[in-house]
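Colleague: Encoded as structure tokens, here's the structure I'll be asking about.
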Amino acid sequence: MINRIFAALFLTFVALTSVPLFLTALLIRVTTYPFDRRLRLLHLFTCFWGSLYTYIMTPWKISTQGREKVRRNATYMVVMNHQSQLDILVAFRLYFHYKWVSKIEIFKVPLIGWNMRLNRYVKLVRGDKESIAQMMKDAEERLAEGSSVFFFPEGTRSADGVIKAFKPGAFILAHKMKIPILPIAVSGTNKALPKYSMNVHEDQKIIIRIMDEIPYERFASMSVEETSDMVRQAIIKEVDELNKVTLAPK
């Protein structure tokens with residue numbers, strides 16, 4: 001019962017705040033686009049918007065680590081493991097510039113999805129070859145303009161926390177654009193926000209950690225598959241370390 005009450009209150013808060021926050025985002029887009037074509041200020045505001053919903057959830061004890069590793073004005077291929085829908089909100093708390101690659105359904109959500117369009121995030125229809133091709137083209141354009149692009153290379157959430165095989169798209173682009181890869185590991189979100197439910201019975205530790213970037217020179221001679229496996233193994237190792245904290249007995 002308490003989970004349902006919290007979920008209802010949380011969704012009500014999201015609904016009530018989304019209107020003024022979207023109007024603010026629209027104002028930022030209109031006034032800053034002439035001198036901010038990458039929409040850095042709009043994305044920074046969107047990071048606050050997304051983070052707001054984690055700030056109010058006191059049972060979610062979120063720790064962000066490694067933000068100092070992000071080089072100012074660097075263009076990265078950002079990849080992170082995917083445990084829960086909460087991953088997106090947690091990643092916003094990193095507050096650095098990137099464009100999401102996200103399923104098209106989220107772009108259709110009123111206000112929140114409209115803001116994603118304002119930000120020129122990259123949409124994708126899962127399993128649709130034409131959409132995948134367009135996503136790759138759009139992501140390449142964002143990278144060429146100097147915006148990092150953020151992928152969940154598993155493609156979908158891992159219900160049990162075990163990291164699935166990575167899809168090749170992010171690594172094809174990293175090779176083609178000759179840019180560094182920025183791996184990120186997250187742990188604890190699947191316990192805080194399981195699929196179709198919300199766990200607020202007890203405090204849940206969540207850690208999101210930016211790992212050391214992988215320079216292009218390190219994987220230039222590798223195949224896409226070898227690059228993907230190298231990054232996946234590095235994230236698996238990092239998540240295993242984080243799990244010792246987030247999954248430790250209370």
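Residues are named by chain letter and number: chains run A, B, ... in the order of the structure tokens, numbers start at 1 in each chain, and ligands are numbered from 1 in the order shown.
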Quick one: residues within 10 Å of A:Val245, only C-alpha atoms, excluding same-chain residues fewer than 2 positions away - as a PyMOL selection string?

Modeller: chain A and resi 187-188+205-207+240-243+247-249

Colleague: Using C-alpha atoms, can you write the selected residues to a file as an mmCIF file, in the first residue's frame?

Modeller:
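After the write, selection00.cif holds the following:
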```
data_model
loop_
_atom_site.group_PDB
_atom_site.id
_atom_site.type_symbol
_atom_site.label_atom_id
_atom_site.label_comp_id
_atom_site.auth_asym_id
_atom_site.auth_seq_id
_atom_site.Cartn_x
_atom_site.Cartn_y
_atom_site.Cartn_z
ATOM 1 C CA SER A 187 24.130 0.011 -9.574
ATOM 2 C CA GLY A 188 21.086 -0.054 -7.321
ATOM 3 C CA LYS A 205 21.801 3.047 -2.161
ATOM 4 C CA ILE A 206 22.381 3.974 -5.780
ATOM 5 C CA ILE A 207 25.796 4.693 -7.260
ATOM 6 C CA ASP A 240 30.433 -5.850 -9.596
ATOM 7 C CA GLU A 241 32.446 -3.481 -7.397
ATOM 8 C CA LEU A 242 29.522 -1.094 -6.963
ATOM 9 C CA ASN A 243 27.183 -3.965 -6.101
ATOM 10 C CA LEU A 247 23.494 -4.636 -2.448
ATOM 11 C CA ALA A 248 25.197 -4.976 0.946
ATOM 12 C CA PRO A 249 22.875 -6.090 3.766
#
```

Colleague: Could the residues of stretch 143-193 of chain A that have an atom at most 12 Å from stretch 211-229 of chain A be listed as JSON lines, each with its closest atom pair and the distance in Å to one decimal, counting only C-alpha atoms and ordered by chain and ascending residue number?

Modeller:
```
{"residue": "A:Pro153", "atom": "CA", "partner": "A:Ser228", "partner_atom": "CA", "distance": 8.9}
{"residue": "A:Glu154", "atom": "CA", "partner": "A:Ser228", "partner_atom": "CA", "distance": 10.6}
{"residue": "A:Ile163", "atom": "CA", "partner": "A:Asp229", "partner_atom": "CA", "distance": 11.6}
{"residue": "A:Lys164", "atom": "CA", "partner": "A:Asp229", "partner_atom": "CA", "distance": 11.0}
{"residue": "A:Ala165", "atom": "CA", "partner": "A:Asp229", "partner_atom": "CA", "distance": 8.4}
{"residue": "A:Phe166", "atom": "CA", "partner": "A:Ser228", "partner_atom": "CA", "distance": 6.5}
{"residue": "A:Lys167", "atom": "CA", "partner": "A:Ser228", "partner_atom": "CA", "distance": 7.9}
{"residue": "A:Pro168", "atom": "CA", "partner": "A:Ser228", "partner_atom": "CA", "distance": 6.8}
{"residue": "A:Gly169", "atom": "CA", "partner": "A:Val224", "partner_atom": "CA", "distance": 9.0}
{"residue": "A:Ala170", "atom": "CA", "partner": "A:Ser228", "partner_atom": "CA", "distance": 8.6}
{"residue": "A:Phe171", "atom": "CA", "partner": "A:Val224", "partner_atom": "CA", "distance": 5.8}
{"residue": "A:Ile172", "atom": "CA", "partner": "A:Val224", "partner_atom": "CA", "distance": 6.0}
{"residue": "A:Leu173", "atom": "CA", "partner": "A:Val224", "partner_atom": "CA", "distance": 9.4}
{"residue": "A:Ala174", "atom": "CA", "partner": "A:Tyr216", "partner_atom": "CA", "distance": 7.7}
{"residue": "A:His175", "atom": "CA", "partner": "A:Ala220", "partner_atom": "CA", "distance": 6.8}
{"residue": "A:Lys176", "atom": "CA", "partner": "A:Ala220", "partner_atom": "CA", "distance": 9.8}
{"residue": "A:Met177", "atom": "CA", "partner": "A:Tyr216", "partner_atom": "CA", "distance": 9.3}
{"residue": "A:Lys178", "atom": "CA", "partner": "A:Tyr216", "partner_atom": "CA", "distance": 5.7}
{"residue": "A:Ile179", "atom": "CA", "partner": "A:Tyr216", "partner_atom": "CA", "distance": 5.5}
{"residue": "A:Pro180", "atom": "CA", "partner": "A:Pro215", "partner_atom": "CA", "distance": 4.4}
{"residue": "A:Ile181", "atom": "CA", "partner": "A:Ile214", "partner_atom": "CA", "distance": 5.1}
{"residue": "A:Leu182", "atom": "CA", "partner": "A:Glu213", "partner_atom": "CA", "distance": 4.5}
{"residue": "A:Pro183", "atom": "CA", "partner": "A:Met211", "partner_atom": "CA", "distance": 5.5}
{"residue": "A:Ile184", "atom": "CA", "partner": "A:Met211", "partner_atom": "CA", "distance": 5.6}
{"residue": "A:Ala185", "atom": "CA", "partner": "A:Met211", "partner_atom": "CA", "distance": 7.4}
{"residue": "A:Val186", "atom": "CA", "partner": "A:Met211", "partner_atom": "CA", "distance": 10.6}
```

Colleague: Selection from above, C-alpha atoms, as a short mmCIF file (atom, residue, chain, number, x, y, z; two decimals), in the first residue's frame, can you write it?

Modeller:
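The new file out37.cif reads:
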```cif
data_model
loop_
_atom_site.label_atom_id
_atom_site.label_comp_id
_atom_site.auth_asym_id
_atom_site.auth_seq_id
_atom_site.Cartn_x
_atom_site.Cartn_y
_atom_site.Cartn_z
CA PRO A 153 24.18 -0.41 -25.52
CA GLU A 154 22.20 -3.30 -24.00
CA ILE A 163 24.61 -6.98 -18.07
CA LYS A 164 23.36 -8.18 -21.45
CA ALA A 165 25.27 -8.33 -24.72
CA PHE A 166 25.97 -4.90 -26.21
CA LYS A 167 24.53 -3.84 -29.52
CA PRO A 168 27.15 -2.45 -31.95
CA GLY A 169 25.72 0.99 -32.83
CA ALA A 170 27.63 3.07 -30.28
CA PHE A 171 30.91 1.38 -31.13
CA ILE A 172 30.44 1.70 -34.88
CA LEU A 173 30.05 5.44 -34.36
CA ALA A 174 33.05 5.65 -32.00
CA HIS A 175 35.22 4.03 -34.68
CA LYS A 176 33.80 6.08 -37.54
CA MET A 177 34.07 9.42 -35.72
CA LYS A 178 37.40 8.53 -34.05
CA ILE A 179 36.21 9.72 -30.64
CA PRO A 180 36.88 8.43 -27.11
CA ILE A 181 34.42 6.21 -25.30
CA LEU A 182 33.22 7.25 -21.84
CA PRO A 183 31.95 4.21 -19.89
CA ILE A 184 29.57 4.71 -16.98
CA ALA A 185 28.48 2.11 -14.44
CA VAL A 186 25.28 2.28 -12.38
#
```

Colleague: Which residues in stretch 4-132 of chain A does DSSP call helix (DSSP H, G or I)? List them as a count of residues only.

Modeller: 70

Colleague: So how many Å separate atom CA of A:Val149 and atom CA of A:Val101, to one decimal?

Modeller: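 Value for the atom CA of A:Val149-atom CA of A:Val101 distance: 7.1 Å.
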
Colleague: Go through A:Lys123, A:Lys195, A:Arg209, A:Lys69 one by one, measure the shortest atom-to-atom distance of each to A:Gln85 using only C-alpha atoms, and give the residue with the smallest value.

Modeller: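 For A:Gln85, the nearest of the candidates is A:Lys195.
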
Colleague: Measuring between only C-alpha atoms, which one of A:Ala133, A:Met80, A:Val90, A:Ala74 shows the shortest distance to A:Tyr55?

Modeller: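 Of the candidates, the smallest distance to A:Tyr55 is held by A:Val90.
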
Colleague: Between atom CA of A:Phe152 and atom CA of A:His82, what is the spacing in Å?

Modeller: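 For atom CA of A:His82 relative to atom CA of A:Phe152, the distance reads 6.1 Å.
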
Colleague: Measuring atom to atom with only C-alpha atoms, identify which of A:Glu202, A:Asp128, A:Asp138, A:Asp160 is nearest to A:Lys99.

Modeller: A:Asp138

Colleague: For stretch 40-51 of chain A, please output as a ChimeraX atom specification all residues within 9 Å (counting only C-alpha atoms; exclusion window: fewer than 3 positions along the same chain).

Modeller: /A:18,21,24-26,28-29,32-33,36-37,54-56,88-99,115-116,118-119,147

Colleague: Just the residues within 8 Å of A:Asn190, please, counting only C-alpha atoms, with nothing from its chain fewer than 5 positions along; format it as a PyMOL selection string.

Modeller: chain A and resi 83-84+86+159-161+195

Colleague: Would you export the selected residues with C-alpha atoms as a PDB file, in the first residue's frame, please?

Modeller:
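Final file, out27.pdb:
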```
ATOM      1  CA  GLN A  83      18.952  -1.619 -14.955  1.00  0.00           C
ATOM      2  CA  SER A  84      15.822   0.507 -14.622  1.00  0.00           C
ATOM      3  CA  LEU A  86      15.401   5.325 -13.059  1.00  0.00           C
ATOM      4  CA  ALA A 159      15.648  -7.040 -14.937  1.00  0.00           C
ATOM      5  CA  ASP A 160      18.122  -9.082 -12.877  1.00  0.00           C
ATOM      6  CA  GLY A 161      21.040  -6.648 -13.109  1.00  0.00           C
ATOM      7  CA  LYS A 195       9.756  -2.805 -13.358  1.00  0.00           C
TER       8      LYS A 195
END
```

Colleague: Just how far from atom CA of A:Glu145 is atom CA of A:Gly127, in Å to one decimal?

Modeller: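 Distance between the two atoms: 27.1 Å.
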
Colleague: I'd like to know which of A:Phe6, A:Phe151, A:Tyr76, A:Trp100 is closest to A:Val122, using only C-alpha atoms.

Modeller: A:Trp100

Colleague: Determine which residues of stretch 79-127 of chain A receive a DSSP assignment of strand (DSSP E or B), computed from the backbone, and state them as a list of chain:residue names.

Modeller: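 Residues meeting the strand (DSSP E or B) criterion: A:Val79, A:Met80, A:Lys99, A:Trp100, A:Val101, A:Ser102, A:Lys103, A:Val122, A:Lys123, A:Leu124.
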
Colleague: Kindly export the residues of the current selection with C-alpha atoms, as a compact mmCIF listing (two decimals), in the first residue's frame.

Modeller:
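Output saved as part-v8.txt:
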```txt
# COMPACT_ATOMS: atom_id res chain seq x y z
CA VAL A 79 27.79 4.13 -22.78
CA MET A 80 26.16 2.87 -19.58
CA LYS A 99 22.32 13.91 -26.35
CA TRP A 100 20.27 10.88 -25.35
CA VAL A 101 19.46 8.04 -27.72
CA SER A 102 16.02 6.94 -26.54
CA LYS A 103 13.03 4.93 -27.70
CA VAL A 122 17.93 11.12 -30.82
CA LYS A 123 14.86 8.93 -31.18
CA LEU A 124 14.73 5.25 -32.06
```

Colleague: Looking at A:Arg142, A:Lys191, A:Arg71, A:Arg38, which one is nearest to A:Ser158, with distances taken over only C-alpha atoms?

Modeller: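 Selected residue with least distance to A:Ser158: A:Lys191.
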
Colleague: If you count only C-alpha atoms, which residues fall within 10 Å of A:Gln204, apart from same-chain ones fewer than 4 positions away, as JSON, numbers by chain?

Modeller: {"A": [58, 59, 60, 61, 62, 188, 189, 190, 191, 192, 193, 199, 200, 246, 247, 250]}
